[in-house]
Each structure stands twice: as C-alpha cells, then as structure tokens.
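Asks: One file is attached below, work_19.pdb, containing PDB, C-alpha atoms.
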```
ATOM      1  CA  MET A   1     215.867  25.406  -7.755  1.00  0.00           C
ATOM      2  CA  ALA A   2     219.604  24.724  -8.023  1.00  0.00           C
ATOM      3  CA  GLU A   3     220.656  22.125 -10.539  1.00  0.00           C
ATOM      4  CA  THR A   4     222.607  19.226  -9.064  1.00  0.00           C
ATOM      5  CA  SER A   5     225.459  17.686 -10.972  1.00  0.00           C
ATOM      6  CA  SER A   6     224.674  14.500 -12.778  1.00  0.00           C
ATOM      7  CA  SER A   7     226.136  11.341 -11.298  1.00  0.00           C
ATOM      8  CA  THR A   8     227.235  10.418 -14.811  1.00  0.00           C
ATOM      9  CA  GLU A   9     229.243  12.865 -16.850  1.00  0.00           C
ATOM     10  CA  THR A  10     231.464  12.314 -19.836  1.00  0.00           C
ATOM     11  CA  LEU A  11     235.144  12.987 -19.306  1.00  0.00           C
ATOM     12  CA  THR A  12     237.364  13.715 -22.281  1.00  0.00           C
ATOM     13  CA  LEU A  13     240.958  12.867 -21.463  1.00  0.00           C
ATOM     14  CA  GLN A  14     244.068  13.403 -23.544  1.00  0.00           C
ATOM     15  CA  CYS A  15     245.838  10.032 -23.379  1.00  0.00           C
ATOM     16  CA  ARG A  16     249.321   8.960 -24.388  1.00  0.00           C
ATOM     17  CA  LEU A  17     250.144   5.265 -24.318  1.00  0.00           C
ATOM     18  CA  VAL A  18     253.827   4.437 -24.607  1.00  0.00           C
ATOM     19  CA  GLY A  19     255.473   1.490 -26.377  1.00  0.00           C
ATOM     20  CA  GLU A  20     253.543  -1.747 -26.658  1.00  0.00           C
ATOM     21  CA  LEU A  21     250.511  -0.104 -25.037  1.00  0.00           C
ATOM     22  CA  ARG A  22     249.873   2.090 -28.108  1.00  0.00           C
ATOM     23  CA  GLY A  23     247.661  -0.620 -29.561  1.00  0.00           C
ATOM     24  CA  PHE A  24     245.056  -0.097 -26.846  1.00  0.00           C
ATOM     25  CA  LEU A  25     243.936   3.222 -28.354  1.00  0.00           C
ATOM     26  CA  PRO A  26     241.734   3.186 -31.458  1.00  0.00           C
ATOM     27  CA  GLU A  27     243.578   2.298 -34.654  1.00  0.00           C
ATOM     28  CA  GLY A  28     245.320   5.236 -36.250  1.00  0.00           C
ATOM     29  CA  ASP A  29     245.887   7.192 -33.031  1.00  0.00           C
ATOM     30  CA  ARG A  30     249.563   6.153 -32.809  1.00  0.00           C
ATOM     31  CA  GLY A  31     249.308   5.932 -29.058  1.00  0.00           C
ATOM     32  CA  GLU A  32     247.985   9.453 -28.489  1.00  0.00           C
ATOM     33  CA  GLY A  33     244.573  10.964 -28.600  1.00  0.00           C
ATOM     34  CA  PRO A  34     241.381  11.800 -26.801  1.00  0.00           C
ATOM     35  CA  VAL A  35     239.494   9.171 -24.845  1.00  0.00           C
ATOM     36  CA  GLU A  36     235.928   9.640 -23.646  1.00  0.00           C
ATOM     37  CA  LEU A  37     235.053   7.938 -20.399  1.00  0.00           C
ATOM     38  CA  PRO A  38     231.887   7.998 -18.281  1.00  0.00           C
ATOM     39  CA  GLY A  39     232.530   9.828 -15.030  1.00  0.00           C
ATOM     40  CA  PRO A  40     233.136  10.120 -12.270  1.00  0.00           C
ATOM     41  CA  ALA A  41     236.151   7.883 -12.864  1.00  0.00           C
ATOM     42  CA  THR A  42     239.578   6.964 -11.531  1.00  0.00           C
ATOM     43  CA  ILE A  43     242.768   6.041 -13.350  1.00  0.00           C
ATOM     44  CA  ASP A  44     241.943   2.370 -12.779  1.00  0.00           C
ATOM     45  CA  ASP A  45     238.525   2.924 -14.414  1.00  0.00           C
ATOM     46  CA  LEU A  46     240.359   4.317 -17.458  1.00  0.00           C
ATOM     47  CA  LEU A  47     242.682   1.309 -17.596  1.00  0.00           C
ATOM     48  CA  ILE A  48     239.673  -1.021 -17.461  1.00  0.00           C
ATOM     49  CA  HIS A  49     237.882   1.052 -20.129  1.00  0.00           C
ATOM     50  CA  LEU A  50     240.918   0.680 -22.419  1.00  0.00           C
ATOM     51  CA  ALA A  51     241.011  -3.101 -21.702  1.00  0.00           C
ATOM     52  CA  ILE A  52     244.678  -3.003 -20.724  1.00  0.00           C
ATOM     53  CA  PRO A  53     245.758  -6.252 -19.012  1.00  0.00           C
ATOM     54  CA  ASP A  54     248.134  -6.383 -16.028  1.00  0.00           C
ATOM     55  CA  ARG A  55     247.012  -2.925 -14.929  1.00  0.00           C
ATOM     56  CA  GLU A  56     248.799  -3.136 -11.584  1.00  0.00           C
ATOM     57  CA  LEU A  57     252.179  -3.153 -13.363  1.00  0.00           C
ATOM     58  CA  LEU A  58     251.653   0.147 -15.165  1.00  0.00           C
ATOM     59  CA  VAL A  59     253.081   3.528 -14.280  1.00  0.00           C
ATOM     60  CA  VAL A  60     250.623   6.350 -14.852  1.00  0.00           C
ATOM     61  CA  GLY A  61     251.289  10.056 -15.095  1.00  0.00           C
ATOM     62  CA  LEU A  62     248.410  12.423 -14.447  1.00  0.00           C
ATOM     63  CA  ASN A  63     249.008  15.971 -15.678  1.00  0.00           C
ATOM     64  CA  GLY A  64     252.757  15.401 -15.560  1.00  0.00           C
ATOM     65  CA  THR A  65     252.967  13.770 -12.135  1.00  0.00           C
ATOM     66  CA  LYS A  66     253.138  10.071 -11.244  1.00  0.00           C
ATOM     67  CA  ALA A  67     249.767   9.096  -9.813  1.00  0.00           C
ATOM     68  CA  PRO A  68     248.243   6.093  -8.040  1.00  0.00           C
ATOM     69  CA  HIS A  69     245.550   4.203  -9.909  1.00  0.00           C
ATOM     70  CA  THR A  70     242.994   5.348  -7.320  1.00  0.00           C
ATOM     71  CA  ASP A  71     243.328   9.040  -8.266  1.00  0.00           C
ATOM     72  CA  ALA A  72     240.172  10.671  -9.601  1.00  0.00           C
ATOM     73  CA  LEU A  73     240.129  11.972 -13.157  1.00  0.00           C
ATOM     74  CA  SER A  74     238.738  15.313 -14.309  1.00  0.00           C
ATOM     75  CA  ASP A  75     237.606  16.451 -17.724  1.00  0.00           C
ATOM     76  CA  GLY A  76     240.614  17.609 -19.752  1.00  0.00           C
ATOM     77  CA  ASP A  77     243.233  15.686 -17.761  1.00  0.00           C
ATOM     78  CA  GLU A  78     246.373  14.504 -19.536  1.00  0.00           C
ATOM     79  CA  VAL A  79     247.176  10.864 -18.821  1.00  0.00           C
ATOM     80  CA  THR A  80     250.376   9.047 -19.812  1.00  0.00           C
ATOM     81  CA  ILE A  81     250.510   5.279 -19.373  1.00  0.00           C
ATOM     82  CA  VAL A  82     253.813   3.394 -19.443  1.00  0.00           C
ATOM     83  CA  ALA A  83     254.514  -0.321 -19.052  1.00  0.00           C
ATOM     84  CA  PRO A  84     257.655  -1.326 -17.177  1.00  0.00           C
ATOM     85  CA  MET A  85     260.600  -2.016 -19.443  1.00  0.00           C
ATOM     86  CA  THR A  86     261.728  -5.576 -19.865  1.00  0.00           C
ATOM     87  CA  GLY A  87     264.575  -7.220 -21.668  1.00  0.00           C
ATOM     88  CA  GLY A  88     268.118  -6.091 -22.145  1.00  0.00           C
ATOM     89  CA  SER A  89     271.338  -7.857 -21.416  1.00  0.00           C
ATOM     90  CA  ARG A  90     273.268  -8.102 -18.163  1.00  0.00           C
ATOM     91  CA  GLU A  91     276.458  -7.441 -20.154  1.00  0.00           C
ATOM     92  CA  GLN A  92     275.217  -3.901 -20.807  1.00  0.00           C
ATOM     93  CA  ARG A  93     274.997  -3.148 -17.082  1.00  0.00           C
ATOM     94  CA  ASP A  94     277.766  -2.570 -14.595  1.00  0.00           C
ATOM     95  CA  PRO A  95     277.889  -4.560 -11.319  1.00  0.00           C
ATOM     96  CA  GLU A  96     276.189  -1.691  -9.462  1.00  0.00           C
ATOM     97  CA  GLY A  97     273.094  -2.108 -11.676  1.00  0.00           C
ATOM     98  CA  GLY A  98     273.641   1.040 -13.730  1.00  0.00           C
ATOM     99  CA  ASP A  99     274.069   1.367 -17.453  1.00  0.00           C
ATOM    100  CA  ALA A 100     277.633   0.444 -18.475  1.00  0.00           C
ATOM    101  CA  ARG A 101     277.554   2.584 -21.611  1.00  0.00           C
TER     102      ARG A 101
END
```
How does the structure come out when it is put into structure tokens?

Replies:
Amino acid sequence: MAETSSSTETLTLQCRLVGELRGFLPEGDRGEGPVELPGPATIDDLLIHLAIPDRELLVVGLNGTKAPHTDALSDGDEVTIVAPMTGGSREQRDPEGGDAR
C-alpha cells in the first residue's frame, strides 16, 4: 500500500526580515534564522505565523525572486521580507523624483 503524504507537514524556512521587521523573529536572531511552519503554507500564512501587521504592504522575496503572498512555500525555501521605506526629505530628491545626491 502506497503511503500518502500527510496533509500537515512541517516546513523549515530560512527567513530574513529587514529593518524594523527584524523584531518579529525570536529574540537573538538579528532578523535572520530558521522558522518552522505547519504546511502546506503560503507566504501569507508565514506572515500571519510571524504576527506581522500590515502584511499587504510588505515586499517578499522567495528564493531570490519577488513573489506574491499567495505563492506556496516548500521546505528549505529562503524568504526575505521587506517593509516599504518611509521618511526622507523632499530636499534630497530632484524634481524628477530621483535621488539628488
């Protein structure tokens, strides 16, 4: 009899949270480290698991490529999560919206 895959597996992901998001990984991880998540799971499931607010505003890289939050995750995936940058001064930008430096 062939064994069927379990509907619940544990995924171990290598996660990197950038900037202010670093605090959503366990203390001491400095924004990088493994995260275990029940699978099957999507990027949005990971964001919920990490209790990150305003999830829709985040940019997520999956194995080096920008990915929608609906993408499925696989064991061993590398996930980078970045919040949009805010702040800065208009005086540092040229009229075309680029960096004046």

Asks: Would you mind listing what lies within 10 Å of Pro40 of chain A as a short mmCIF file (atom, residue, chain, number, x, y, z; two decimals) with C-alpha atoms, keeping the file's coordinate frame, with all atoms listed in the file counted and same-chain residues fewer than 6 positions away left out?

Replies:
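Here's the written file out-v5.cif:
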```cif
data_model
loop_
_atom_site.label_atom_id
_atom_site.label_comp_id
_atom_site.auth_asym_id
_atom_site.auth_seq_id
_atom_site.Cartn_x
_atom_site.Cartn_y
_atom_site.Cartn_z
CA SER A 6 224.67 14.50 -12.78
CA SER A 7 226.14 11.34 -11.30
CA THR A 8 227.24 10.42 -14.81
CA GLU A 9 229.24 12.86 -16.85
CA THR A 10 231.46 12.31 -19.84
CA LEU A 11 235.14 12.99 -19.31
CA ALA A 72 240.17 10.67 -9.60
CA LEU A 73 240.13 11.97 -13.16
CA SER A 74 238.74 15.31 -14.31
CA ASP A 75 237.61 16.45 -17.72
#
```

Asks: Please measure the separation of atom CA of Leu57 of chain A and atom CA of Ile43 of chain A, giving the value in Å to one decimal.

Replies: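 Taking atom CA of Leu57 of chain A and atom CA of Ile43 of chain A, their separation equals 13.2 Å.
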
Asks: I need the residue set behind the PyMOL selection byres ((chain A and resi 22) around 12) for this file; please write it as a list in words.

Replies: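 Going through the file, the PyMOL selection byres ((chain A and resi 22) around 12) ends up selecting Cys15, Arg16, Leu17, Val18, Gly19, Glu20, Leu21, Gly23, Phe24, Leu25, Pro26, Glu27, Gly28, Asp29, Arg30, Gly31, Glu32, Gly33, Leu50, Ile52, Thr80, Ile81, Val82 and Ala83 of chain A.
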
Asks: Spell out the residues picked by the PyMOL selection byres ((chain A and resi 44) around 10) here, as an MDAnalysis selection string.

Replies: chainID A and resid 41:43 45:50 52 55:56 60 68:73

Asks: Would you list the contacts of segment 63-66 of chain A as a list in words, taking every protein, DNA or RNA residue within 9 Å and counting all atoms listed in the file, but skipping same-chain residues closer than 4 positions in sequence?

Replies: Val59, Asp77, Glu78, Val79 and Thr80 of chain A

Asks: Around all the atoms of segment 70-87 of chain A listed in the file, draw an axis-aligned box and extend it by 4 Å on each of the six sides; I want its centre and edge lengths in Å to one decimal, as JSON.

Replies:
```
{"center_x": 251.1, "center_y": 5.2, "center_z": -14.5, "size_x": 35.0, "size_y": 32.8, "size_z": 22.3}
```

Asks: Out of A:Ala51, A:Met85, A:Leu58, A:Leu13, which residue has the shortest atom-to-atom distance to Glu36 of chain A when counting all atoms listed in the file?

Replies: A:Leu13
